[in-house]
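For reference, the structure discussed in these notes is given below.
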Amino acid sequence: MATFLYRLGRLAFRRRRIVVMLWVAVLAAIGIGAMSAPGTSSGALSVPGTQSQRAIDLLRKEFPQASADGATARVVFEAPSGQKLTSAANKAEVESLVARLERSPQVSGVTDPFADGLVSRSGTIAYTQVSYKVAQADVGAAAHTVQTDVVAQGEKAGLKVSLGGNAVKNEATGKAAELIGVGVAAVVLVITFGSLIAAGLPLLTAILGVAAAVLSVTLATHFFDLASSSTTLALMLGLAVAIDYALFIVSRYRNEIRDGHEPEEACGRALGTAGSAVVFAGLTVIVALSGLSVIGIGMLTSMGLASAFAVAVAVIIALTLLPAVLGFAGLRIMKGRLHTRRMKALERGEGESMGVRWARFVTRNPVKVLAVSVAGLALLAIPAMSLKMALNDDSGKPPGTTQRIAYDTLSKGFGPGFNGPLTVVVDARGSDDPKAAAQDAYTMLTELDDVADVRPPSFNQAGDVALLGAVPKSAPTSEATKDLVDEIRDHGAALHQDTGADLMVTGLTAVNIDVSTKLSDALIPYLAIVVGLALILLLLVFRSIVIPLKAALGFLLSVVSTLGVLVAVFQWGWLKDLFGVDQTGPIVSLLPILLIGVVFGLAMDYEVFLVSRMREEYVHGAQPTQAIVQGFRHSGRVVTAAAVIMVSVFSGFLLDSEALIKSIGLGLAAAVFIDAFVVRMTIVPAVMALLGHRSWTLPKWLDRILPNMDVEGEKLRHALEAEPTDSAPEPVLAGVAAGAHASSDDHGAPRAVTGVRRSDDTETPPPAQQADTTESQAPARRKRLKNPLRRS
C-alpha cells in the first residue's frame, strides 16, 4: 500500500498538468450530465414489511383516488376576532378558496369544511384537507403557487389562513451555517500552517471534491430514486472529510520538505505514509455510512450510499488531485508564514508545543486522567437512559412559520390529534360479511378512550375493503398516540378471529411511529455490523487487537454521552434558552442512527490519524510512551485543527430556527468535540500508556494470517534506505522561509532523536542511550540515499 501510494504521489506530482486536466474533464462531463438530471427525488418514507406500508399498498390498489402515498396539505381558516366562519360572507369566502384549491394542479381531492363537519364547535376555525396525486418531493411549483395565492386571498378578505402538512414548501433557510463553517475552516487552516497557500490547498481540493460528488449524486437521479436529503448529507460530510484528508497530507508534505527532501520526493513520502492512513480512514467512514442500508428504509439507504460515495471521492481527490496541486505549489507552500511569536519560538527549538505537553501530562498520570474522563462521560450519558424518539412534525417548526401557525390553530380549534389523523383499513376479502366486519371495527374505534372522532367506513368498488378515519385526542408525536395505535392493532387480532377480516392502521402518524420503531430496533444490529467491520479494518491497519477494541469502546462512550446531551437539552429542556429551543419533545428518530454512522466515521478518522503516527514511531523503534508523545508531536496539531473545524461547522447549524436542524447541529458538534478531545486525545493515550507494549501485540498465528498493509510505511522505508551513500543533501529550504528550521515538525518544534533509524533516515544512538533530553538536541544531518523506487 505505502509503496504504491508513494509512486502514485510522485507520478501525480510529476504529471500534474495531465492530472488536473483529467479532473477538469471529469467535472465538466459530470456537470453536463447533472444539468439534464431530473433534479427531484422522493422524500416519502417507504418502510417495507410494516403494517402501515402494507395498508398503503392495499389502498393504492383498491382506493387509487385516495392517493394513499401522495402528499397532503391542511389549509386552516380562522375567522376575524368577534366573527364566525359560518356567517354568510366568511362562509362564501372559504368556499371560494376551497374551490380554488380543487382546481390546483396535481390535486386528487379536497374536503369541504362545511359539508364534512370540519368546523370547530365555536364556529371560528375550520380546515380542509388537500390530497395530491404525487409524493411530497414531486409537488410542483404551480401547486405551491396556488397555496400561496389562497393564503393571500384569504388574508385580503380578513381571514387568517395558514398551511400545514408535508405538501407545503418549507421556507428557505439562510446559508449562515455553511458560511460560518467555511470561514472558521479557513482561519483554523491559516493558524495551523501559518501560510495562505498551505491553508488554501485543503479548501480548494475539498470544494472540487464536493462539487464532483454532489454533481454525481444529482446525475444518479437519472437512474435511481434518491431521498431529497441525500445531496445535503453528502455535501456536509464530503466537505468535512475532504478538508481532514487534505489537511493531513499537506501537513506531512511540509514535514518532509523540512526534513530536506526535494518537493517531488516529499510528495511521494507524504502519500506513502499519511496517504495510507487516509485510505483506511476513508474506508471506515464508507463502511459506517454504507451500513445504513441494512436498516431497510429506502431514504436512509440512499442517504448513506450518497454520503459514502462523497467520502470515496474525497479520498480519490486527496490521492490524485492534491499531489498534482502540490506540484504547482512546490516550495511556495512554505512561504508567507503568519506564525505568532510563540510559534516562531517553537521553530527555533525553544519550548514545546501544547500537544506534546498534554501528551506528557497524560502519560505521567494515566490512571487519574482515565478515571476523570470516563466518570465525566458517564455523567453526561445518564440522560440517555430516558431517550424517547419520534419523527418530527409541524409542531417542531419555528414559531411564526405558516406550518407552526396551522398546527397551533388546529389544536386550539379541534385538539392536537387533528394534526395527525389515523387511517384505518379493514381488509375483508377473506370475510363472509365485509360490511359487518367494517361495522365492528367502527364500533371498536368509538369505544376507545383516546379517540376524539371516527369517520364511518367507505368501501371500494368490490365492497370488500373499507376505509375508516380515527382522530386521536393526543398529539401525533405523543406517547399516548403511539399507545393508541398499538391498541387498535391489538384489537385487530380479535377482529380477525371473529370475522376473518384484517385491520391495519396507516397514515402519516402511523408511518412515523413504524419508522421510529424500526429505527429503534435497528440500533443494536447496526452498531454490531458497523463496529464489527470497522474492527476488522483497524485490525489490518494497526496489527493489534487492543487498539481496535479500544477505538470501538471509546466510540460507544462518545455516542452515549452525545445522546445524553441531546436528551438533556431537547427532551428535558436544560439550557434550552441558550440554544434557542422553543419547546421540548422526543428526539427525532432519524438522528441517533445518523449520529452513529457519521460520528463513527469521523471518530475513526481521528483514531487512524493519531494512532497511525504512534505506530509508525513504535515500529521504527521508539518505546511505547515515547511513541505516544511523538504521535502527538506530529499529528496532534492536525487532529486538533480538524476537530475544531468540524465542531465549528456543525455548531453553525445551531443558528437555524428549526428544532430538527438545531438537534443535528448540536449532536454532531458535541459528538466530535467529545470524541476528538476527550476520547482520542485523552482516554486513548492514557490507556496506551497503561498497557505499554501490550497495546501493539498480536498473536503469532493471527500475524501470519493477516496481510501486511504497511500503513506506517515500514517496507517503503526499507526500500528508500537501500544503497545509502555518504553524500549529504543540499538544503532545499534555503531562502524559502526565514527562520524555518530544517527539521522542525508542523508545530515548529524540532524532531526528536530517538535512537533508531527513523522514516526520515536519520541515524541516532541505540535505544539504551535514549533520554527525554535528546528531544531538544539539534537533529543529526541526514544522508542522501539512492532511491530504488524513484522513476524518471
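As shown in the C-alpha cells, the chain order sets the letters A, B, ...; within each chain, residues go from 1, and ligands are also counted from 1 in the order they appear.
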Item checked: Residues within 12 Å of A:Ala371, only C-alpha atoms, excluding chain neighbours under 6 positions, as a VMD selection string -> chain A and resid 362 365 377 to 378 678 682 to 683 686 to 687
Note to self: Need to verify the contact set: A:Thr402, 9 Å, only C-alpha atoms, exclusion of same-chain residues closer than 5 positions in sequence. Can you return it as a ChimeraX atom specification?
What the structure shows: /A:161-164,397,407
Margin query: Run DSSP on the backbone and tell me which residues of stretch 284-506 of chain A come out as alpha helix (DSSP H); list them as a ChimeraX atom specification.
Written below: /A:284-290,298-329,341-347,354-364,366-381,402-414,434-446,479-499
Name the residues in contact with A:Gly9 at a cut-off of 8 Å, using only C-alpha atoms, excluding same-chain residues fewer than 2 positions from it; report them as a PDB file with N, CA and C atoms, in the first residue's frame.
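Output file part.pdb follows:
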ATOM      1  N   LEU A   5       1.284   3.977  -3.076  1.00  0.00           N
ATOM      2  CA  LEU A   5       0.890   5.368  -2.912  1.00  0.00           C
ATOM      3  C   LEU A   5       2.079   6.308  -3.079  1.00  0.00           C
ATOM      4  N   TYR A   6       3.276   5.846  -2.675  1.00  0.00           N
ATOM      5  CA  TYR A   6       4.488   6.644  -2.890  1.00  0.00           C
ATOM      6  C   TYR A   6       4.683   6.909  -4.383  1.00  0.00           C
ATOM      7  N   ARG A   7       4.568   5.861  -5.172  1.00  0.00           N
ATOM      8  CA  ARG A   7       4.730   6.005  -6.628  1.00  0.00           C
ATOM      9  C   ARG A   7       3.606   6.845  -7.226  1.00  0.00           C
ATOM     10  N   LEU A  11       4.051  10.293  -9.251  1.00  0.00           N
ATOM     11  CA  LEU A  11       3.539  10.358 -10.624  1.00  0.00           C
ATOM     12  C   LEU A  11       2.591  11.540 -10.790  1.00  0.00           C
ATOM     13  N   ALA A  12       1.652  11.711  -9.834  1.00  0.00           N
ATOM     14  CA  ALA A  12       0.712  12.835  -9.921  1.00  0.00           C
ATOM     15  C   ALA A  12       1.450  14.169  -9.808  1.00  0.00           C
ATOM     16  N   PHE A  13       2.468  14.225  -8.967  1.00  0.00           N
ATOM     17  CA  PHE A  13       3.268  15.444  -8.816  1.00  0.00           C
ATOM     18  C   PHE A  13       3.969  15.785 -10.128  1.00  0.00           C
ATOM     19  N   CYS A 267       6.449  14.706  -1.680  1.00  0.00           N
ATOM     20  CA  CYS A 267       5.062  14.376  -2.023  1.00  0.00           C
ATOM     21  C   CYS A 267       4.865  12.856  -2.021  1.00  0.00           C
ATOM     22  N   GLY A 268       5.819  12.122  -2.601  1.00  0.00           N
ATOM     23  CA  GLY A 268       5.720  10.668  -2.601  1.00  0.00           C
ATOM     24  C   GLY A 268       5.720  10.097  -1.198  1.00  0.00           C
ATOM     25  N   ARG A 269       6.616  10.600  -0.345  1.00  0.00           N
ATOM     26  CA  ARG A 269       6.678  10.107   1.030  1.00  0.00           C
ATOM     27  C   ARG A 269       5.415  10.471   1.814  1.00  0.00           C
ATOM     28  N   ALA A 270       4.877  11.666   1.572  1.00  0.00           N
ATOM     29  CA  ALA A 270       3.658  12.082   2.265  1.00  0.00           C
ATOM     30  C   ALA A 270       2.500  11.154   1.923  1.00  0.00           C
ATOM     31  N   LEU A 271       2.382  10.806   0.640  1.00  0.00           N
ATOM     32  CA  LEU A 271       1.297   9.900   0.260  1.00  0.00           C
ATOM     33  C   LEU A 271       1.569   8.480   0.735  1.00  0.00           C
ATOM     34  N   GLY A 272       2.836   8.069   0.761  1.00  0.00           N
ATOM     35  CA  GLY A 272       3.159   6.714   1.200  1.00  0.00           C
ATOM     36  C   GLY A 272       2.871   6.482   2.672  1.00  0.00           C
ATOM     37  N   LEU A 319      -5.677  11.652  -3.073  1.00  0.00           N
ATOM     38  CA  LEU A 319      -4.574  10.821  -3.553  1.00  0.00           C
ATOM     39  C   LEU A 319      -4.122  11.162  -4.970  1.00  0.00           C
ATOM     40  N   THR A 320      -4.893  11.947  -5.705  1.00  0.00           N
ATOM     41  CA  THR A 320      -4.535  12.253  -7.097  1.00  0.00           C
ATOM     42  C   THR A 320      -4.450  13.755  -7.356  1.00  0.00           C
ATOM     43  N   PRO A 323      -1.831  15.819  -4.810  1.00  0.00           N
ATOM     44  CA  PRO A 323      -0.406  15.796  -5.179  1.00  0.00           C
ATOM     45  C   PRO A 323      -0.107  16.641  -6.413  1.00  0.00           C
TER      46      PRO A 323
END
Residues within 10 Å of A:Arg100, please, as a PDB file with N, CA, C and O atoms, in the first residue's frame. Count only C-alpha atoms; anything in the same chain fewer than 5 positions from it doesn't count.
ATOM      1  N   VAL A  94     -64.586  31.218   2.294  1.00  0.00           N
ATOM      2  CA  VAL A  94     -63.940  29.916   2.492  1.00  0.00           C
ATOM      3  C   VAL A  94     -64.277  28.977   1.337  1.00  0.00           C
ATOM      4  O   VAL A  94     -63.402  28.265   0.817  1.00  0.00           O
ATOM      5  N   GLU A  95     -65.547  28.942   0.903  1.00  0.00           N
ATOM      6  CA  GLU A  95     -65.945  28.071  -0.208  1.00  0.00           C
ATOM      7  C   GLU A  95     -65.234  28.469  -1.501  1.00  0.00           C
ATOM      8  O   GLU A  95     -64.871  27.615  -2.314  1.00  0.00           O
ATOM      9  N   VAL A 146     -50.418  28.124  -5.988  1.00  0.00           N
ATOM     10  CA  VAL A 146     -51.838  28.167  -5.623  1.00  0.00           C
ATOM     11  C   VAL A 146     -51.984  28.252  -4.106  1.00  0.00           C
ATOM     12  O   VAL A 146     -52.817  29.016  -3.584  1.00  0.00           O
ATOM     13  N   GLN A 147     -51.173  27.481  -3.372  1.00  0.00           N
ATOM     14  CA  GLN A 147     -51.230  27.539  -1.909  1.00  0.00           C
ATOM     15  C   GLN A 147     -50.952  28.960  -1.420  1.00  0.00           C
ATOM     16  O   GLN A 147     -51.671  29.495  -0.559  1.00  0.00           O
ATOM     17  N   ASP A 149     -51.265  31.769  -3.100  1.00  0.00           N
ATOM     18  CA  ASP A 149     -52.333  32.680  -3.530  1.00  0.00           C
ATOM     19  C   ASP A 149     -53.571  32.547  -2.650  1.00  0.00           C
ATOM     20  O   ASP A 149     -54.254  33.540  -2.373  1.00  0.00           O
ATOM     21  N   VAL A 150     -53.875  31.315  -2.220  1.00  0.00           N
ATOM     22  CA  VAL A 150     -55.026  31.097  -1.345  1.00  0.00           C
ATOM     23  C   VAL A 150     -54.821  31.824  -0.020  1.00  0.00           C
ATOM     24  O   VAL A 150     -55.753  32.463   0.511  1.00  0.00           O
TER      25      VAL A 150
END
Report the residues of stretch 89-296 of chain A whose backbone DSSP state falls under strand (DSSP E or B), written as a PDB file with C-alpha atoms, in the first residue's frame.
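The result, stored in part.pdb:
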ATOM      1  CA  VAL A 107     -54.687  17.709  -6.644  1.00  0.00           C
ATOM      2  CA  SER A 108     -56.655  14.471  -6.285  1.00  0.00           C
ATOM      3  CA  GLY A 109     -59.218  15.651  -3.733  1.00  0.00           C
ATOM      4  CA  VAL A 110     -60.222  18.443  -1.368  1.00  0.00           C
ATOM      5  CA  VAL A 119     -65.719  23.385  11.523  1.00  0.00           C
ATOM      6  CA  ILE A 125     -61.898  27.711  12.997  1.00  0.00           C
ATOM      7  CA  ALA A 126     -62.231  25.313  10.054  1.00  0.00           C
ATOM      8  CA  TYR A 127     -59.859  23.371   7.861  1.00  0.00           C
ATOM      9  CA  THR A 128     -59.752  21.492   4.590  1.00  0.00           C
ATOM     10  CA  GLN A 129     -57.574  18.517   3.699  1.00  0.00           C
ATOM     11  CA  VAL A 130     -55.926  18.677   0.269  1.00  0.00           C
ATOM     12  CA  SER A 131     -54.649  15.395  -1.196  1.00  0.00           C
ATOM     13  CA  TYR A 132     -52.136  15.365  -4.061  1.00  0.00           C
ATOM     14  CA  LYS A 160     -56.382  34.142   8.958  1.00  0.00           C
ATOM     15  CA  VAL A 161     -55.188  31.369   6.612  1.00  0.00           C
ATOM     16  CA  SER A 162     -52.270  29.034   7.384  1.00  0.00           C
ATOM     17  CA  LEU A 163     -50.823  25.938   5.719  1.00  0.00           C
ATOM     18  CA  GLY A 164     -49.672  22.651   7.239  1.00  0.00           C
TER      19      GLY A 164
END
Check: Could you pull the residues within 12 Å of A:Val214, counting only C-alpha atoms, minus those fewer than 2 positions along the same chain, as a count of residues only?
Finding: 37
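Restricting the calculation to only C-alpha atoms, the smallest distance between A:Leu410 and any of A:His144, A:Val19, A:Met1, A:Ala475 is found for A:Ala475.
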Could you name the residues that touch stretch 665-668 of chain A at 8 Å or less, counting only C-alpha atoms, but leaving out those on the same chain fewer than 3 positions away, as an mmCIF file with C-alpha atoms, in the first residue's frame?
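As written to disk, result_12.cif reads:
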data_model
loop_
_atom_site.group_PDB
_atom_site.id
_atom_site.type_symbol
_atom_site.label_atom_id
_atom_site.label_comp_id
_atom_site.auth_asym_id
_atom_site.auth_seq_id
_atom_site.Cartn_x
_atom_site.Cartn_y
_atom_site.Cartn_z
ATOM 1 C CA THR A 562 -23.776 12.729 22.973
ATOM 2 C CA LEU A 563 -27.238 11.173 23.267
ATOM 3 C CA VAL A 565 -26.515 15.859 25.848
ATOM 4 C CA LEU A 566 -29.343 15.772 23.284
ATOM 5 C CA LEU A 595 -25.299 10.226 14.521
ATOM 6 C CA VAL A 599 -19.643 10.181 14.111
ATOM 7 C CA VAL A 647 -17.144 21.442 15.658
ATOM 8 C CA PHE A 650 -21.715 21.712 12.946
ATOM 9 C CA SER A 651 -22.221 24.384 15.615
ATOM 10 C CA GLY A 652 -23.213 26.793 12.868
ATOM 11 C CA PHE A 653 -26.433 24.821 12.444
ATOM 12 C CA LEU A 654 -27.483 25.926 15.935
ATOM 13 C CA ILE A 661 -31.602 21.282 12.373
ATOM 14 C CA LYS A 662 -30.588 22.550 15.808
ATOM 15 C CA ALA A 671 -20.021 14.168 19.384
ATOM 16 C CA VAL A 672 -16.956 15.437 17.512
#
Next item on the list: Give me, please, the distance in Å between atom CA of A:Met303 and atom CA of A:Val26, quoted to one decimal.
Entry: 23.3 Å
Next item on the list: Give the answer as one residue: which of A:Ala603, A:Val619, A:Val188, A:Ile513 has the shortest atom-to-atom distance to A:Thr50, using only C-alpha atoms?
Entry: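 Closest to A:Thr50 of all the choices is A:Ile513.
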